[in-house]
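Trainee: As input, take query_34.tsv (TSV, C-alpha atoms):
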chain	number	residue	atom	x	y	z
D	1	MET	CA	-12.32	-15.39	43.12
D	2	ARG	CA	-12.76	-18.23	40.65
D	3	ILE	CA	-13.19	-17.88	36.91
D	4	LEU	CA	-13.79	-20.13	33.91
D	5	LEU	CA	-11.75	-19.32	30.79
D	6	VAL	CA	-13.04	-20.83	27.54
D	7	GLU	CA	-10.49	-20.20	24.75
D	8	ASP	CA	-9.42	-22.61	21.99
D	9	GLU	CA	-6.01	-21.05	21.29
D	10	ALA	CA	-3.93	-23.09	23.74
D	11	ARG	CA	-1.03	-20.64	24.02
D	12	LEU	CA	-3.34	-17.66	24.54
D	13	ALA	CA	-5.39	-19.61	27.08
D	14	GLU	CA	-2.23	-20.54	28.97
D	15	ASN	CA	-1.00	-16.93	29.02
D	16	LEU	CA	-4.37	-15.52	30.09
D	17	ALA	CA	-4.77	-18.11	32.85
D	18	ALA	CA	-1.30	-17.25	34.17
D	19	ALA	CA	-2.15	-13.53	34.13
D	20	PHE	CA	-5.42	-14.07	35.99
D	21	ARG	CA	-3.66	-16.18	38.62
D	22	GLU	CA	-0.58	-14.02	39.10
D	23	ALA	CA	-1.86	-10.47	38.50
D	24	ALA	CA	-5.41	-10.78	39.77
D	25	GLY	CA	-5.22	-13.67	42.26
D	26	PHE	CA	-7.99	-15.67	40.59
D	27	ALA	CA	-8.32	-19.45	40.60
D	28	VAL	CA	-8.80	-20.44	36.94
D	29	ASP	CA	-10.32	-23.41	35.14
D	30	VAL	CA	-9.53	-23.59	31.40
D	31	ALA	CA	-11.59	-25.21	28.63
D	32	LEU	CA	-10.29	-25.38	25.05
D	33	ASN	CA	-13.63	-25.99	23.31
D	34	GLY	CA	-17.28	-25.08	23.69
D	35	MET	CA	-18.56	-28.45	24.92
D	36	ASP	CA	-15.95	-28.65	27.68
D	37	GLY	CA	-16.63	-25.03	28.58
D	38	LEU	CA	-20.34	-25.71	29.02
D	39	ALA	CA	-19.59	-28.84	31.07
D	40	PHE	CA	-17.35	-26.83	33.41
D	41	ALA	CA	-20.03	-24.14	33.75
D	42	GLU	CA	-22.71	-26.71	34.57
D	43	ARG	CA	-20.77	-28.49	37.31
D	44	GLY	CA	-18.84	-25.57	38.81
D	45	THR	CA	-19.60	-22.31	40.58
D	46	TYR	CA	-17.79	-19.30	39.13
D	47	ASP	CA	-17.53	-15.58	39.82
D	48	LEU	CA	-16.84	-14.85	36.12
D	49	ILE	CA	-16.80	-16.66	32.77
D	50	VAL	CA	-14.45	-15.36	30.05
D	51	LEU	CA	-15.72	-16.83	26.80
D	52	ASP	CA	-14.25	-16.78	23.29
D	53	LEU	CA	-16.78	-16.73	20.44
D	54	MET	CA	-15.00	-18.86	17.83
D	55	LEU	CA	-14.79	-22.28	19.49
D	56	PRO	CA	-14.62	-25.81	18.09
D	57	GLY	CA	-17.49	-28.19	18.81
D	58	MET	CA	-19.89	-25.54	20.10
D	59	SER	CA	-19.76	-21.83	19.42
D	60	GLY	CA	-19.35	-19.29	22.19
D	61	VAL	CA	-22.79	-17.87	21.38
D	62	ASN	CA	-24.41	-21.27	21.89
D	63	VAL	CA	-22.47	-21.79	25.11
D	64	LEU	CA	-23.70	-18.41	26.32
D	65	ARG	CA	-27.30	-19.22	25.39
D	66	ALA	CA	-27.11	-22.59	27.15
D	67	ILE	CA	-25.68	-20.97	30.31
D	68	ARG	CA	-28.40	-18.34	30.41
D	69	GLY	CA	-31.06	-20.87	29.42
D	70	ARG	CA	-30.52	-22.82	32.63
D	71	GLY	CA	-30.87	-19.67	34.73
D	72	ASP	CA	-27.17	-19.14	35.42
D	73	ASP	CA	-26.54	-15.41	35.94
D	74	THR	CA	-22.74	-15.63	36.33
D	75	PRO	CA	-21.15	-12.54	34.67
D	76	VAL	CA	-19.87	-13.40	31.17
D	77	LEU	CA	-17.18	-11.43	29.34
D	78	ILE	CA	-16.94	-12.25	25.62
D	79	LEU	CA	-13.67	-12.25	23.67
D	80	THR	CA	-14.38	-11.67	19.99
D	81	ALA	CA	-12.70	-10.75	16.74
D	82	ILE	CA	-16.05	-9.37	15.56
D	83	ALA	CA	-16.70	-5.83	16.80
D	84	GLU	CA	-19.51	-4.61	14.53
D	85	ALA	CA	-22.32	-2.84	16.36
D	86	GLY	CA	-24.95	-5.34	15.25
D	87	SER	CA	-22.94	-8.31	16.49
D	88	VAL	CA	-22.27	-6.64	19.83
D	89	ILE	CA	-25.97	-5.88	20.28
D	90	ARG	CA	-26.85	-9.53	19.60
D	91	LEU	CA	-24.26	-10.68	22.14
D	92	LEU	CA	-25.66	-8.37	24.82
D	93	ASN	CA	-29.21	-9.48	23.99
D	94	ASP	CA	-28.11	-13.11	24.36
D	95	GLY	CA	-26.94	-12.38	27.90
D	96	ALA	CA	-23.31	-11.23	27.68
D	97	ASP	CA	-22.31	-8.67	30.32
D	98	ASP	CA	-19.33	-7.19	28.48
D	99	TYR	CA	-17.02	-7.87	25.54
D	100	LEU	CA	-13.49	-7.18	24.36
D	101	ALA	CA	-12.44	-7.16	20.70
D	102	LYS	CA	-9.28	-9.06	19.79
D	103	PRO	CA	-6.48	-8.07	19.94
D	104	PHE	CA	-7.02	-6.56	23.38
D	105	ASP	CA	-4.91	-4.99	26.10
D	106	LEU	CA	-4.24	-7.39	28.98
D	107	GLY	CA	-4.58	-4.62	31.57
D	108	GLU	CA	-8.01	-3.72	30.22
D	109	LEU	CA	-9.09	-7.37	30.39
D	110	MET	CA	-7.99	-7.56	34.05
D	111	ALA	CA	-9.77	-4.31	34.92
D	112	ARG	CA	-13.02	-5.28	33.18
D	113	SER	CA	-12.94	-8.75	34.74
D	114	LYS	CA	-12.55	-7.36	38.26
D	115	ALA	CA	-15.34	-4.84	37.62
D	116	LEU	CA	-17.69	-7.61	36.48
D	117	VAL	CA	-16.88	-9.70	39.56
D	118	ARG	CA	-17.61	-6.71	41.83
D	119	ARG	CA	-20.84	-5.98	39.97
D	120	GLY	CA	-21.87	-9.63	40.24
D	121	LYS	CA	-21.46	-9.41	44.03
D	122	GLY	CA	-23.43	-6.16	44.16
D	123	VAL	CA	-20.30	-4.16	44.97
D	124	SER	CA	-19.74	-1.03	42.87
D	125	HIS	CA	-16.65	0.24	44.70
D	126	PRO	CA	-13.33	-1.68	44.78
D	127	VAL	CA	-12.77	-1.03	48.51
D	128	LEU	CA	-14.63	-3.35	50.88
D	129	ARG	CA	-15.02	-2.29	54.52
D	130	MET	CA	-16.05	-3.86	57.80
D	131	GLY	CA	-15.14	-2.26	61.10
D	132	GLU	CA	-11.54	-1.08	60.92
D	133	ILE	CA	-10.70	-3.45	58.06
D	134	GLU	CA	-10.45	-2.21	54.47
D	135	VAL	CA	-9.79	-4.54	51.54
D	136	ASN	CA	-8.79	-2.85	48.28
D	137	THR	CA	-9.64	-5.39	45.58
D	138	LEU	CA	-7.78	-3.47	42.86
D	139	GLU	CA	-4.51	-2.91	44.71
D	140	GLN	CA	-4.93	-6.20	46.62
D	141	THR	CA	-4.09	-4.57	49.93
D	142	VAL	CA	-5.56	-4.87	53.42
D	143	THR	CA	-5.43	-2.21	56.11
D	144	ARG	CA	-6.55	-2.03	59.74
D	145	ALA	CA	-7.17	1.53	60.94
D	146	HIS	CA	-5.14	2.67	57.89
D	147	GLU	CA	-2.15	0.45	58.79
D	148	LYS	CA	-1.21	-2.15	56.18
D	149	ILE	CA	-1.51	-5.85	57.02
D	150	GLN	CA	0.73	-8.21	55.04
D	151	LEU	CA	-1.23	-11.24	53.80
D	152	SER	CA	-0.20	-14.06	51.51
D	153	PRO	CA	-2.06	-14.22	48.15
D	154	THR	CA	-4.26	-17.06	49.41
D	155	GLU	CA	-5.00	-15.32	52.72
D	156	PHE	CA	-5.99	-12.21	50.77
D	157	ARG	CA	-8.31	-14.22	48.53
D	158	ILE	CA	-9.98	-15.86	51.55
D	159	LEU	CA	-10.54	-12.52	53.28
D	160	GLU	CA	-11.81	-10.93	50.06
D	161	TYR	CA	-14.21	-13.85	49.59
D	162	PHE	CA	-15.63	-13.39	53.10
D	163	MET	CA	-15.82	-9.59	52.72
D	164	HIS	CA	-18.01	-10.06	49.65
D	165	ARG	CA	-20.31	-12.29	51.74
D	166	PRO	CA	-20.64	-10.78	55.24
D	167	ARG	CA	-22.64	-12.86	57.74
D	168	VAL	CA	-22.99	-15.76	55.24
D	169	VAL	CA	-21.98	-19.23	56.45
D	170	ILE	CA	-19.41	-20.62	53.99
D	171	SER	CA	-18.40	-24.27	54.10
D	172	LYS	CA	-14.83	-25.51	53.80
D	173	GLN	CA	-15.80	-27.24	50.55
D	174	LYS	CA	-17.14	-24.00	49.08
D	175	LEU	CA	-13.94	-22.17	50.00
D	176	LEU	CA	-11.86	-24.86	48.33
D	177	GLU	CA	-13.99	-24.71	45.18
D	178	HIS	CA	-13.55	-20.96	44.86
D	179	LEU	CA	-9.87	-20.81	45.77
D	180	TYR	CA	-8.55	-23.65	43.64
D	181	ASP	CA	-9.19	-25.21	40.24
D	182	PHE	CA	-10.52	-28.72	39.61
D	183	ASN	CA	-7.04	-30.23	39.91
D	184	TRP	CA	-6.90	-29.37	43.62
D	185	GLU	CA	-7.17	-32.19	46.14
D	186	HIS	CA	-10.28	-31.26	48.13
D	187	HIS	CA	-9.46	-33.40	51.17
D	188	SER	CA	-6.91	-31.25	52.94
D	189	ASN	CA	-6.53	-29.22	56.11
D	190	VAL	CA	-5.11	-26.29	54.12
D	191	ILE	CA	-8.20	-24.14	54.77
D	192	GLU	CA	-7.85	-24.50	58.54
D	193	VAL	CA	-4.21	-23.44	58.33
D	194	HIS	CA	-5.01	-20.36	56.23
D	195	ILE	CA	-7.91	-19.37	58.49
D	196	SER	CA	-5.66	-19.66	61.56
D	197	ASN	CA	-2.95	-17.52	59.93
D	198	LEU	CA	-5.51	-14.97	58.80
D	199	ARG	CA	-6.92	-14.59	62.31
D	200	ARG	CA	-3.42	-14.15	63.73
D	201	LYS	CA	-2.48	-11.48	61.19
D	202	LEU	CA	-5.74	-9.57	61.62
D	203	GLY	CA	-4.88	-9.42	65.33
D	204	ASP	CA	-6.54	-6.48	67.05
D	205	SER	CA	-9.11	-6.25	64.27
D	206	GLN	CA	-10.94	-9.07	66.07
D	207	GLU	CA	-12.40	-6.24	68.15
D	208	SER	CA	-14.21	-4.99	65.04
D	209	ILE	CA	-14.62	-8.17	62.94
D	210	VAL	CA	-14.80	-11.84	63.86
D	211	LEU	CA	-14.03	-14.78	61.57
D	212	GLU	CA	-16.23	-17.31	63.32
D	213	THR	CA	-15.95	-21.11	63.09
D	214	LEU	CA	-19.26	-22.99	63.11
D	215	ARG	CA	-18.47	-26.63	63.90
D	216	GLY	CA	-19.56	-28.94	61.09
D	217	ARG	CA	-20.88	-26.03	59.00
D	218	GLY	CA	-17.99	-23.76	58.06
D	219	TYR	CA	-17.07	-20.13	58.72
D	220	ARG	CA	-18.60	-16.68	58.58
D	221	LEU	CA	-17.35	-13.11	58.87
D	222	LEU	CA	-19.22	-10.89	61.32
D	223	PRO	CA	-18.85	-7.42	62.81
D	224	ALA	CA	-17.77	-7.95	66.43
D	225	GLN	CA	-20.88	-6.26	67.81
D	226	ALA	CA	-23.01	-8.98	66.21
D	227	LEU	CA	-21.72	-11.40	68.86
D	228	GLN	CA	-22.40	-9.08	71.78
Would you encode the structure as structure tokens?

Mentor:
Amino acid sequence: MRILLVEDEARLAENLAAAFREAAGFAVDVALNGMDGLAFAERGTYDLIVLDLMLPGMSGVNVLRAIRGRGDDTPVLILTAIAEAGSVIRLLNDGADDYLAKPFDLGELMARSKALVRRGKGVSHPVLRMGEIEVNTLEQTVTRAHEKIQLSPTEFRILEYFMHRPRVVISKQKLLEHLYDFNWEHHSNVIEVHISNLRRKLGDSQESIVLETLRGRGYRLLPAQALQ
């Protein structure tokens, strides 16, 4: 999954981005002020936006209002030092999905972020299933008929992305945008390599799910019976 982190404290932003990448497997774009944060949100596609309130240039509240004003329904988690009931109510009325008061527990931030991503995809339970394949998005594990399959972090993220979007055709460009931040070189065969490795590791599961290549269009994940 891909998130946008808008936080003006550079050290905190760096630590949070590292935690999201290493502990949760997210691709992360970081903005250190409100104007840059809004620019990222307008030109990127995200599964979650983590937004500080006290930002230079443009406040977090105004960034939130601008995001919602253009019809963007990406889940937004607010980080705030203000936890009064009235302020929280105003945030929620402005379109925030959740908030955490500073200082916060990193584990709680990870858990709430993952829950918002699942909710944004219409998934209430952390375990995604298709055929014999189960993907546990909390434990970041994959099983086939209850036997664990060892995937690399990127392979897991690709499979999770497809499991959230069964039967949807997903282009190589869209996969790259969600797996990597804006510093990634988009002209690479890395996706083909990961897809090939993923198919090989899923092995016998191809009898229950199929990761199909559509020439010139991209890929889609289907239950095997859909091709029969």

Trainee: Hey, what's within 12 Å of Ser113 (chain D) if we count all atoms listed in the file and toss same-chain stuff fewer than 6 positions away? As a PyMOL selection string, please?

Mentor: chain D and resi 1-5+16+19-20+23-26+47-51+75-79+97-100+106-107+119-120+137-138

Trainee: Grab the residues selected above and save them as a CSV table (one decimal), in the coordinates of the input with C-alpha atoms.

Mentor:
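Output saved as result-v8.csv:
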chain,number,residue,atom,x,y,z
D,1,MET,CA,-12.3,-15.4,43.1
D,2,ARG,CA,-12.8,-18.2,40.6
D,3,ILE,CA,-13.2,-17.9,36.9
D,4,LEU,CA,-13.8,-20.1,33.9
D,5,LEU,CA,-11.8,-19.3,30.8
D,16,LEU,CA,-4.4,-15.5,30.1
D,19,ALA,CA,-2.2,-13.5,34.1
D,20,PHE,CA,-5.4,-14.1,36.0
D,23,ALA,CA,-1.9,-10.5,38.5
D,24,ALA,CA,-5.4,-10.8,39.8
D,25,GLY,CA,-5.2,-13.7,42.3
D,26,PHE,CA,-8.0,-15.7,40.6
D,47,ASP,CA,-17.5,-15.6,39.8
D,48,LEU,CA,-16.8,-14.8,36.1
D,49,ILE,CA,-16.8,-16.7,32.8
D,50,VAL,CA,-14.4,-15.4,30.0
D,51,LEU,CA,-15.7,-16.8,26.8
D,75,PRO,CA,-21.2,-12.5,34.7
D,76,VAL,CA,-19.9,-13.4,31.2
D,77,LEU,CA,-17.2,-11.4,29.3
D,78,ILE,CA,-16.9,-12.2,25.6
D,79,LEU,CA,-13.7,-12.2,23.7
D,97,ASP,CA,-22.3,-8.7,30.3
D,98,ASP,CA,-19.3,-7.2,28.5
D,99,TYR,CA,-17.0,-7.9,25.5
D,100,LEU,CA,-13.5,-7.2,24.4
D,106,LEU,CA,-4.2,-7.4,29.0
D,107,GLY,CA,-4.6,-4.6,31.6
D,119,ARG,CA,-20.8,-6.0,40.0
D,120,GLY,CA,-21.9,-9.6,40.2
D,137,THR,CA,-9.6,-5.4,45.6
D,138,LEU,CA,-7.8,-3.5,42.9

Trainee: With a distance cut-off of 8 Å and all atoms listed in the file, select the neighbouring residues of Ala66 (chain D), excluding the residue or stretch itself and same-chain residues fewer than 4 positions from it, and output the selection as a list of chain:residue names.

Mentor: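 Answer for this query is D:Leu38, D:Asn62, D:Arg70.
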
Trainee: Do a neighbour search on region 210-225 of chain D at 9 Å with only C-alpha atoms, toss out local chain neighbours closer than 6 positions, and write the hits as a list in words.

Mentor: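 Selected residues are Met130, Gly131, Leu159, Phe162, Met163, Arg165, Pro166, Arg167, Val168, Val169, Ile170, Ser171, Lys172, Gln173, Ile195, Leu198 and Arg199 of chain D.
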
Trainee: To one decimal place, how far is CA of Leu176 (chain D) from CA of Thr74 (chain D) in Å?

Mentor: 18.6 Å

Trainee: Can you pull out the residues contacting Glu42 (chain D)? Cut-off 9 Å, using all atoms listed in the file, and skip same-chain residues under 2 positions away; I want them as a ChimeraX atom specification.

Mentor: /D:37-40,44-45,67,70,72

Trainee: For the point (-23.1, -20.5, 22.3) in the file's frame, write as a PyMOL selection string all residues with an atom no more than 12 Å away, counting only C-alpha atoms.

Mentor: chain D and resi 6+33-35+37-38+51-69+76+78+90-91+94-96

Trainee: Just checking: using only C-alpha atoms, which residue out of D:Ile149, D:Asn15, D:Tyr46, D:Phe104 ends up closest to Ala27 (chain D)?

Mentor: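 Nearest to Ala27 (chain D): D:Tyr46.
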
Trainee: In Å, rounded to a single decimal, give me how far CA of Gln140 (chain D) is from CA of Ala101 (chain D).

Mentor: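 Atom-to-atom, CA of Ala101 (chain D) to CA of Gln140 (chain D), that is 27.0 Å.
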
Trainee: Between CA of Arg200 (chain D) and CA of Leu151 (chain D), what is the distance, to one decimal in Å?

Mentor: 10.6 Å
